[in-house]
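> Below is the file protein_33.pdb, which contains PDB, C-alpha atoms.
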ATOM      1  CA  MET V   6     103.555  66.073  67.532  1.00  0.00           C
ATOM      2  CA  ASN V   7     105.523  64.467  70.367  1.00  0.00           C
ATOM      3  CA  ARG V   8     105.043  65.190  74.052  1.00  0.00           C
ATOM      4  CA  ARG V   9     108.225  67.298  74.204  1.00  0.00           C
ATOM      5  CA  GLY V  10     106.935  69.562  71.434  1.00  0.00           C
ATOM      6  CA  THR V  11     103.551  69.907  73.099  1.00  0.00           C
ATOM      7  CA  LYS V  12     105.216  70.847  76.406  1.00  0.00           C
ATOM      8  CA  SER V  13     107.458  73.378  74.659  1.00  0.00           C
ATOM      9  CA  ASN V  14     104.488  75.025  72.927  1.00  0.00           C
ATOM     10  CA  PHE V  15     102.578  75.157  76.211  1.00  0.00           C
ATOM     11  CA  LEU V  16     105.497  76.862  77.967  1.00  0.00           C
ATOM     12  CA  SER V  17     105.891  79.361  75.121  1.00  0.00           C
ATOM     13  CA  VAL V  18     102.208  80.282  75.234  1.00  0.00           C
ATOM     14  CA  SER V  19     102.338  80.564  79.046  1.00  0.00           C
ATOM     15  CA  VAL V  20     105.309  82.942  78.875  1.00  0.00           C
ATOM     16  CA  VAL V  21     103.538  85.146  76.326  1.00  0.00           C
ATOM     17  CA  ILE V  22     100.375  85.253  78.436  1.00  0.00           C
ATOM     18  CA  PHE V  23     102.361  86.095  81.589  1.00  0.00           C
ATOM     19  CA  ARG V  24     104.269  88.904  79.865  1.00  0.00           C
ATOM     20  CA  LYS V  25     101.041  90.439  78.582  1.00  0.00           C
ATOM     21  CA  ALA V  26      99.331  90.099  81.948  1.00  0.00           C
ATOM     22  CA  PHE V  27     102.305  91.277  84.050  1.00  0.00           C
ATOM     23  CA  PRO V  28     101.377  95.013  84.060  1.00  0.00           C
ATOM     24  CA  TRP V  29      97.841  94.206  85.206  1.00  0.00           C
ATOM     25  CA  LEU V  30      99.106  91.777  87.831  1.00  0.00           C
ATOM     26  CA  ALA V  31     101.514  94.427  89.174  1.00  0.00           C
ATOM     27  CA  VAL V  32      98.772  97.071  89.390  1.00  0.00           C
ATOM     28  CA  THR V  33      96.382  94.598  91.053  1.00  0.00           C
ATOM     29  CA  LEU V  34      99.034  93.622  93.606  1.00  0.00           C
ATOM     30  CA  LEU V  35      99.683  97.283  94.379  1.00  0.00           C
ATOM     31  CA  ALA V  36      95.956  97.870  94.912  1.00  0.00           C
ATOM     32  CA  ILE V  37      95.670  94.820  97.191  1.00  0.00           C
ATOM     33  CA  VAL V  38      98.635  95.906  99.311  1.00  0.00           C
ATOM     34  CA  GLN V  39      97.337  99.468  99.592  1.00  0.00           C
ATOM     35  CA  GLY V  40      93.831  98.251 100.401  1.00  0.00           C
ATOM     36  CA  ALA V  41      95.097  95.911 103.103  1.00  0.00           C
ATOM     37  CA  PHE V  42      97.137  98.709 104.662  1.00  0.00           C
ATOM     38  CA  SER V  43      94.191 101.110 104.500  1.00  0.00           C
ATOM     39  CA  ALA V  44      91.943  98.544 106.172  1.00  0.00           C
ATOM     40  CA  ARG V  45      94.286  98.477 109.161  1.00  0.00           C
ATOM     41  CA  ALA V  46      94.669 102.246 109.278  1.00  0.00           C
ATOM     42  CA  THR V  47      92.485 104.357 111.544  1.00  0.00           C
ATOM     43  CA  ILE V  48      93.145 107.725 109.924  1.00  0.00           C
ATOM     44  CA  TYR V  49      90.318 109.067 107.770  1.00  0.00           C
ATOM     45  CA  THR V  50      91.070 111.632 105.082  1.00  0.00           C
ATOM     46  CA  THR V  51      88.744 114.237 103.616  1.00  0.00           C
ATOM     47  CA  PRO V  52      89.718 116.473 100.682  1.00  0.00           C
ATOM     48  CA  MET V  53      89.380 120.215 101.189  1.00  0.00           C
ATOM     49  CA  ILE V  54      88.667 121.760  97.807  1.00  0.00           C
ATOM     50  CA  ALA V  55      87.819 125.463  97.489  1.00  0.00           C
ATOM     51  CA  GLN V  56      86.846 125.698 101.156  1.00  0.00           C
ATOM     52  CA  PRO V  57      85.564 129.299 101.528  1.00  0.00           C
ATOM     53  CA  GLU V  58      86.792 131.509 104.344  1.00  0.00           C
ATOM     54  CA  SER V  59      84.415 133.055 106.874  1.00  0.00           C
ATOM     55  CA  THR V  60      81.244 131.751 105.223  1.00  0.00           C
ATOM     56  CA  ALA V  61      81.116 127.995 105.915  1.00  0.00           C
ATOM     57  CA  VAL V  62      81.904 125.514 108.683  1.00  0.00           C
ATOM     58  CA  PHE V  63      83.973 122.522 107.582  1.00  0.00           C
ATOM     59  CA  THR V  64      83.053 119.225 109.296  1.00  0.00           C
ATOM     60  CA  TRP V  65      85.090 116.033 109.140  1.00  0.00           C
ATOM     61  CA  GLY V  66      85.593 112.809 111.105  1.00  0.00           C
ATOM     62  CA  ASP V  67      84.841 109.076 110.963  1.00  0.00           C
ATOM     63  CA  GLY V  68      81.064 109.248 110.618  1.00  0.00           C
ATOM     64  CA  THR V  69      80.487 108.865 114.349  1.00  0.00           C
ATOM     65  CA  HIS V  70      82.799 111.466 115.827  1.00  0.00           C
ATOM     66  CA  GLU V  71      82.824 114.745 113.937  1.00  0.00           C
ATOM     67  CA  LEU V  72      84.904 117.898 114.340  1.00  0.00           C
ATOM     68  CA  SER V  73      83.934 121.337 113.041  1.00  0.00           C
ATOM     69  CA  GLU V  74      86.065 124.350 112.175  1.00  0.00           C
ATOM     70  CA  THR V  75      86.114 127.410 109.978  1.00  0.00           C
ATOM     71  CA  TRP V  76      88.928 129.616 108.777  1.00  0.00           C
ATOM     72  CA  SER V  77      89.317 133.251 107.880  1.00  0.00           C
ATOM     73  CA  VAL V  78      91.778 134.890 105.540  1.00  0.00           C
ATOM     74  CA  ASN V  79      94.815 136.942 106.496  1.00  0.00           C
ATOM     75  CA  ASN V  80      96.588 137.222 103.143  1.00  0.00           C
ATOM     76  CA  PRO V  81      94.380 135.979 100.266  1.00  0.00           C
ATOM     77  CA  THR V  82      97.375 134.438  98.520  1.00  0.00           C
ATOM     78  CA  SER V  83      99.089 132.738 101.439  1.00  0.00           C
ATOM     79  CA  SER V  84      97.672 132.717 104.984  1.00  0.00           C
ATOM     80  CA  GLY V  85      94.764 132.714 107.408  1.00  0.00           C
ATOM     81  CA  TRP V  86      93.487 131.923 110.909  1.00  0.00           C
ATOM     82  CA  VAL V  87      91.719 128.980 112.559  1.00  0.00           C
ATOM     83  CA  TYR V  88      89.812 129.072 115.834  1.00  0.00           C
ATOM     84  CA  GLY V  89      89.730 127.171 119.106  1.00  0.00           C
ATOM     85  CA  SER V  90      86.936 126.207 121.470  1.00  0.00           C
ATOM     86  CA  SER V  91      86.611 129.696 122.983  1.00  0.00           C
ATOM     87  CA  TYR V  92      85.080 130.717 119.635  1.00  0.00           C
ATOM     88  CA  GLY V  93      82.370 128.062 119.890  1.00  0.00           C
ATOM     89  CA  PHE V  94      84.034 125.251 117.924  1.00  0.00           C
ATOM     90  CA  ASN V  95      84.522 121.741 119.325  1.00  0.00           C
ATOM     91  CA  VAL V  96      88.317 121.817 118.839  1.00  0.00           C
ATOM     92  CA  ASP V  97      91.433 123.476 120.170  1.00  0.00           C
ATOM     93  CA  VAL V  98      94.153 124.311 117.655  1.00  0.00           C
ATOM     94  CA  TYR V  99      97.927 124.164 117.111  1.00  0.00           C
ATOM     95  CA  ASP V 100     100.009 125.103 114.062  1.00  0.00           C
ATOM     96  CA  ALA V 101     102.942 122.697 113.685  1.00  0.00           C
ATOM     97  CA  GLY V 102     104.340 124.528 110.662  1.00  0.00           C
ATOM     98  CA  LYS V 103     105.755 122.837 107.609  1.00  0.00           C
ATOM     99  CA  ILE V 104     106.209 119.316 108.925  1.00  0.00           C
ATOM    100  CA  SER V 105     105.255 115.899 107.616  1.00  0.00           C
ATOM    101  CA  LEU V 106     102.051 114.613 109.179  1.00  0.00           C
ATOM    102  CA  ALA V 107     103.463 111.082 109.094  1.00  0.00           C
ATOM    103  CA  SER V 108     106.309 112.144 111.399  1.00  0.00           C
ATOM    104  CA  VAL V 109     103.960 112.873 114.308  1.00  0.00           C
ATOM    105  CA  ALA V 110     103.638 109.898 116.664  1.00  0.00           C
ATOM    106  CA  ASP V 111     101.865 111.779 119.449  1.00  0.00           C
ATOM    107  CA  ALA V 112      99.935 114.958 118.682  1.00  0.00           C
ATOM    108  CA  SER V 113      98.700 115.082 122.274  1.00  0.00           C
ATOM    109  CA  GLY V 114     101.981 116.666 123.338  1.00  0.00           C
ATOM    110  CA  PHE V 115     101.376 119.893 121.432  1.00  0.00           C
ATOM    111  CA  THR V 116     100.363 123.111 123.189  1.00  0.00           C
ATOM    112  CA  TYR V 117      96.858 123.666 121.884  1.00  0.00           C
ATOM    113  CA  SER V 118      95.163 127.037 121.947  1.00  0.00           C
ATOM    114  CA  THR V 119      91.518 127.700 122.766  1.00  0.00           C
ATOM    115  CA  SER V 120      91.854 131.004 120.917  1.00  0.00           C
ATOM    116  CA  VAL V 121      92.916 131.888 117.361  1.00  0.00           C
ATOM    117  CA  ILE V 122      96.135 130.839 115.604  1.00  0.00           C
ATOM    118  CA  HIS V 123      97.770 131.907 112.349  1.00  0.00           C
ATOM    119  CA  PHE V 124      98.837 129.559 109.531  1.00  0.00           C
ATOM    120  CA  THR V 125     100.419 129.801 106.083  1.00  0.00           C
ATOM    121  CA  GLU V 126     100.410 127.627 102.966  1.00  0.00           C
ATOM    122  CA  GLY V 127     102.239 124.342 103.510  1.00  0.00           C
ATOM    123  CA  ASP V 128     101.506 124.242 107.251  1.00  0.00           C
ATOM    124  CA  THR V 129     100.060 121.274 109.112  1.00  0.00           C
ATOM    125  CA  ILE V 130      97.470 122.365 111.684  1.00  0.00           C
ATOM    126  CA  PHE V 131      96.521 119.976 114.500  1.00  0.00           C
ATOM    127  CA  PHE V 132      93.165 119.873 116.273  1.00  0.00           C
ATOM    128  CA  ARG V 133      92.313 118.413 119.669  1.00  0.00           C
ATOM    129  CA  GLY V 134      88.613 117.683 119.791  1.00  0.00           C
ATOM    130  CA  VAL V 135      86.722 118.326 123.009  1.00  0.00           C
ATOM    131  CA  GLY V 136      85.701 114.649 122.877  1.00  0.00           C
ATOM    132  CA  GLY V 137      89.340 113.559 122.997  1.00  0.00           C
ATOM    133  CA  PHE V 138      89.950 112.877 119.317  1.00  0.00           C
ATOM    134  CA  TYR V 139      92.855 114.327 117.301  1.00  0.00           C
ATOM    135  CA  ALA V 140      92.824 115.593 113.731  1.00  0.00           C
ATOM    136  CA  ALA V 141      94.815 117.722 111.317  1.00  0.00           C
ATOM    137  CA  TRP V 142      94.667 119.878 108.214  1.00  0.00           C
ATOM    138  CA  HIS V 143      97.476 120.029 105.711  1.00  0.00           C
ATOM    139  CA  VAL V 144      97.021 123.315 103.838  1.00  0.00           C
ATOM    140  CA  THR V 145      98.339 123.218 100.288  1.00  0.00           C
ATOM    141  CA  ASP V 146      96.913 126.409  98.819  1.00  0.00           C
ATOM    142  CA  VAL V 147      95.272 129.695  99.818  1.00  0.00           C
ATOM    143  CA  TYR V 148      94.043 131.764  96.875  1.00  0.00           C
ATOM    144  CA  PRO V 149      91.825 134.812  96.194  1.00  0.00           C
ATOM    145  CA  ALA V 150      88.115 134.439  95.425  1.00  0.00           C
ATOM    146  CA  ASN V 151      88.211 137.524  93.178  1.00  0.00           C
ATOM    147  CA  ASN V 152      84.839 138.701  94.453  1.00  0.00           C
ATOM    148  CA  PRO V 153      83.890 142.399  94.448  1.00  0.00           C
ATOM    149  CA  PRO V 154      84.921 144.431  97.513  1.00  0.00           C
ATOM    150  CA  GLY V 155      82.715 143.654 100.506  1.00  0.00           C
ATOM    151  CA  VAL V 156      81.471 140.350  99.060  1.00  0.00           C
ATOM    152  CA  LEU V 157      82.477 137.195 100.956  1.00  0.00           C
ATOM    153  CA  PRO V 158      84.394 134.983 100.653  1.00  0.00           C
ATOM    154  CA  TYR V 159      87.648 136.783  99.995  1.00  0.00           C
ATOM    155  CA  ALA V 160      89.665 133.580  99.579  1.00  0.00           C
ATOM    156  CA  TYR V 161      89.541 129.797  99.270  1.00  0.00           C
ATOM    157  CA  LEU V 162      91.615 127.016 100.811  1.00  0.00           C
ATOM    158  CA  ASN V 163      92.742 123.690  99.359  1.00  0.00           C
ATOM    159  CA  GLY V 164      94.211 120.871 101.397  1.00  0.00           C
ATOM    160  CA  THR V 165      93.452 117.597 103.164  1.00  0.00           C
ATOM    161  CA  ALA V 166      91.753 116.992 106.509  1.00  0.00           C
ATOM    162  CA  TYR V 167      92.764 113.988 108.645  1.00  0.00           C
ATOM    163  CA  PHE V 168      90.976 112.343 111.573  1.00  0.00           C
ATOM    164  CA  GLN V 169      92.494 109.749 113.927  1.00  0.00           C
ATOM    165  CA  SER V 170      89.524 107.598 114.940  1.00  0.00           C
ATOM    166  CA  ASP V 171      91.249 105.461 117.578  1.00  0.00           C
ATOM    167  CA  GLY V 172      91.483 108.429 119.942  1.00  0.00           C
ATOM    168  CA  SER V 173      95.280 108.589 119.885  1.00  0.00           C
ATOM    169  CA  GLY V 174      97.494 111.337 118.527  1.00  0.00           C
ATOM    170  CA  ASN V 175      99.479 108.923 116.342  1.00  0.00           C
ATOM    171  CA  PHE V 176      99.515 109.956 112.677  1.00  0.00           C
ATOM    172  CA  THR V 177     102.308 107.645 111.497  1.00  0.00           C
ATOM    173  CA  SER V 178     100.168 104.624 110.592  1.00  0.00           C
ATOM    174  CA  VAL V 179      99.376 105.747 107.050  1.00  0.00           C
ATOM    175  CA  PRO V 180     102.255 106.460 104.640  1.00  0.00           C
ATOM    176  CA  GLU V 181     102.355 109.761 102.825  1.00  0.00           C
ATOM    177  CA  PRO V 182     100.805 109.812  99.329  1.00  0.00           C
ATOM    178  CA  SER V 183     104.280 110.232  97.850  1.00  0.00           C
ATOM    179  CA  THR V 184     105.179 106.737  99.105  1.00  0.00           C
ATOM    180  CA  TRP V 185     102.426 105.140  97.068  1.00  0.00           C
ATOM    181  CA  GLU V 186     103.227 107.355  94.078  1.00  0.00           C
ATOM    182  CA  MET V 187     106.869 106.263  94.169  1.00  0.00           C
ATOM    183  CA  LEU V 188     105.850 102.610  94.473  1.00  0.00           C
ATOM    184  CA  GLY V 189     103.486 102.966  91.535  1.00  0.00           C
ATOM    185  CA  VAL V 190     106.095 104.726  89.400  1.00  0.00           C
ATOM    186  CA  GLY V 191     108.620 102.033  90.307  1.00  0.00           C
ATOM    187  CA  THR V 192     106.210  99.287  89.265  1.00  0.00           C
ATOM    188  CA  ILE V 193     105.491 100.974  85.940  1.00  0.00           C
ATOM    189  CA  ALA V 194     109.213 101.485  85.364  1.00  0.00           C
ATOM    190  CA  LEU V 195     109.854  97.804  86.092  1.00  0.00           C
ATOM    191  CA  VAL V 196     107.196  96.813  83.577  1.00  0.00           C
ATOM    192  CA  GLY V 197     108.753  99.133  80.994  1.00  0.00           C
ATOM    193  CA  ILE V 198     112.244  97.699  81.549  1.00  0.00           C
ATOM    194  CA  ARG V 199     110.988  94.119  81.246  1.00  0.00           C
ATOM    195  CA  ARG V 200     109.122  94.915  78.036  1.00  0.00           C
ATOM    196  CA  SER V 201     112.083  96.808  76.595  1.00  0.00           C
ATOM    197  CA  ASN V 202     114.462  93.930  77.314  1.00  0.00           C
ATOM    198  CA  HIS V 203     111.982  91.446  75.851  1.00  0.00           C
ATOM    199  CA  ASN V 204     111.651  93.452  72.635  1.00  0.00           C
ATOM    200  CA  LYS V 205     115.442  93.759  72.336  1.00  0.00           C
ATOM    201  CA  ASN V 206     115.845  90.011  72.772  1.00  0.00           C
ATOM    202  CA  ARG V 207     113.217  89.340  70.112  1.00  0.00           C
ATOM    203  CA  THR V 208     114.936  91.756  67.709  1.00  0.00           C
ATOM    204  CA  CYS V 209     118.332  90.126  68.269  1.00  0.00           C
ATOM    205  CA  SER V 210     116.932  86.631  67.831  1.00  0.00           C
ATOM    206  CA  THR V 211     115.453  87.481  64.421  1.00  0.00           C
ATOM    207  CA  ARG V 212     118.709  88.759  62.979  1.00  0.00           C
TER     208      ARG V 212
END
What would the structure in this file look like if it were written as structure tokens?

Amino acid sequence: MNRRGTKSNFLSVSVVIFRKAFPWLAVTLLAIVQGAFSARATIYTTPMIAQPESTAVFTWGDGTHELSETWSVNNPTSSGWVYGSSYGFNVDVYDAGKISLASVADASGFTYSTSVIHFTEGDTIFFRGVGGFYAAWHVTDVYPANNPPGVLPYAYLNGTAYFQSDGSGNFTSVPEPSTWEMLGVGTIALVGIRRSNHNKNRTCSTR
């Protein structure tokens, strides 16, 4: 076999290997980019799954600075209350309503309450810690516990808790989960298109 044939075979094998490895390379690149961004971010996230009302204190933070809060139910299918520092918690509270957390560049400008505030599903609640740190809850679901009358809890809450560990009220440094989801879907779609076009070309070349 001459050198030209050897080179051609090598290129053909390399192209096949690259096409097979492309999906894994794309996923790895996505993970590296997300990991690098997360390493620079100072916002910690904690999932809130079936957080019971009135019976437990929820604590979150960065491992050094911790905030504590509880909630109580108003409507077991949609709403509740959270409490400020006058109730013994180390936070004051503000309900920003149905806004994107990532749109808030300075949560320190909100009018925080030391008392009790009302919230509904879909709201973003901000917390100003007595130590000067800012945090938030994004409430996605309030649902009944279906316990017998008089037995607590009456409801549970699902959502995500956020903590800004640099002491600022800036929550724009981490993109919303939907951004990563769209990027991932786009990458998978690109892989699918490339594979589809490759298969079509192979089919046409064999006819």
> With distances taken over all atoms listed in the file, which residue among V:Asn163, V:Ser77, V:Asn95, V:Thr116 lies nearest Ala55 in chain V?
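Going through V:Asn163, V:Ser77, V:Asn95, V:Thr116 one by one, the smallest distance to Ala55 in chain V is for V:Asn163.
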> Skipping near chain neighbours, those fewer than 2 positions away, what residues fall within 10 Å of Ile130 in chain V using all atoms listed in the file, listed as a PyMOL selection string?
chain V and resi 87+98-104+106+122-125+127-128+132+140-144+166
> Between CA of Leu157 in chain V and CA of Pro81 in chain V, what distance in Å does the model show, to one decimal?
12.0 Å
> Range 109-180 of chain V near range 64-69 of chain V within 10 Å: what's each residue's closest atom pair and its distance in Å to one decimal, counting all atoms listed in the file, ordered by chain then ascending residue number, as a Markdown table?

| residue | atom | partner | partner_atom | distance |
| --- | --- | --- | --- | --- |
| V:Phe138 | CA | V:Gly66 | CA | 9.3 |
| V:Tyr139 | CA | V:Gly66 | CA | 9.7 |
| V:Ala140 | CA | V:Gly66 | CA | 8.2 |
| V:Ala166 | CA | V:Trp65 | CA | 7.2 |
| V:Tyr167 | CA | V:Gly66 | CA | 7.7 |
| V:Phe168 | CA | V:Gly66 | CA | 5.4 |
| V:Gln169 | CA | V:Gly66 | CA | 8.1 |
| V:Ser170 | CA | V:Asp67 | CA | 6.3 |
| V:Asp171 | CA | V:Asp67 | CA | 9.9 |
> Identify all residues satisfying the PyMOL selection byres ((chain V and resi 118) around 6) in the given file; provide them as an NGL selection string.
:V and (97-98 or 117 or 119-120)
> Given the selection you just returned, output its residues as a file containing C-alpha atoms, formatted as an mmCIF file, in the coordinates of the input.

data_model
loop_
_atom_site.group_PDB
_atom_site.id
_atom_site.type_symbol
_atom_site.label_atom_id
_atom_site.label_comp_id
_atom_site.auth_asym_id
_atom_site.auth_seq_id
_atom_site.Cartn_x
_atom_site.Cartn_y
_atom_site.Cartn_z
ATOM 1 C CA ASP V 97 91.433 123.476 120.170
ATOM 2 C CA VAL V 98 94.153 124.311 117.655
ATOM 3 C CA TYR V 117 96.858 123.666 121.884
ATOM 4 C CA THR V 119 91.518 127.700 122.766
ATOM 5 C CA SER V 120 91.854 131.004 120.917
#
> Please enumerate the residues selected by the PyMOL selection byres ((chain V and resi 109) around 8) when evaluated against the supplied file, formatted as a PyMOL selection string.
chain V and resi 105-108+110-112+174-177
> Would you work out the distance separating CA of Ala61 in chain V from CA of Ser84 in chain V, expressed in Å to one decimal?
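That distance, rounded to one decimal, is 17.2 Å.
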> Can you tell me how far CA of Pro57 in chain V sits from CA of Val96 in chain V, in Å to one decimal?
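Taking CA of Pro57 in chain V and CA of Val96 in chain V, their separation equals 19.1 Å.
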> Which residues would end up in the selection if the PyMOL selection byres ((chain V and resi 63) around 9) were applied here, given that I need the answer as a list in words?
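On this input, the PyMOL selection byres ((chain V and resi 63) around 9) captures Met53, Gln56, Ala61, Val62, Thr64, Trp65, Leu72, Ser73, Glu74, Thr75 and Trp76 of chain V.
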> Nearest to Tyr159 in chain V among V:Val78, V:His70, V:Thr145, V:Phe115, with distances taken over only C-alpha atoms: which residue is it?
V:Val78
> Could you name the residues that touch Ala160 in chain V at 6 Å or less, counting all atoms listed in the file, but leaving out those on the same chain fewer than 5 positions away, as a PyMOL selection string?
chain V and resi 58+81+148-150
> Box in all listed atoms of range 155-161 of chain V, axis-aligned, with 5 Å more on each side; write out centre and edge lengths in Å to one decimal as lines of an AutoDock Vina configuration file.

center_x = 85.6
center_y = 136.7
center_z = 100.0
size_x = 18.2
size_y = 23.9
size_z = 11.9
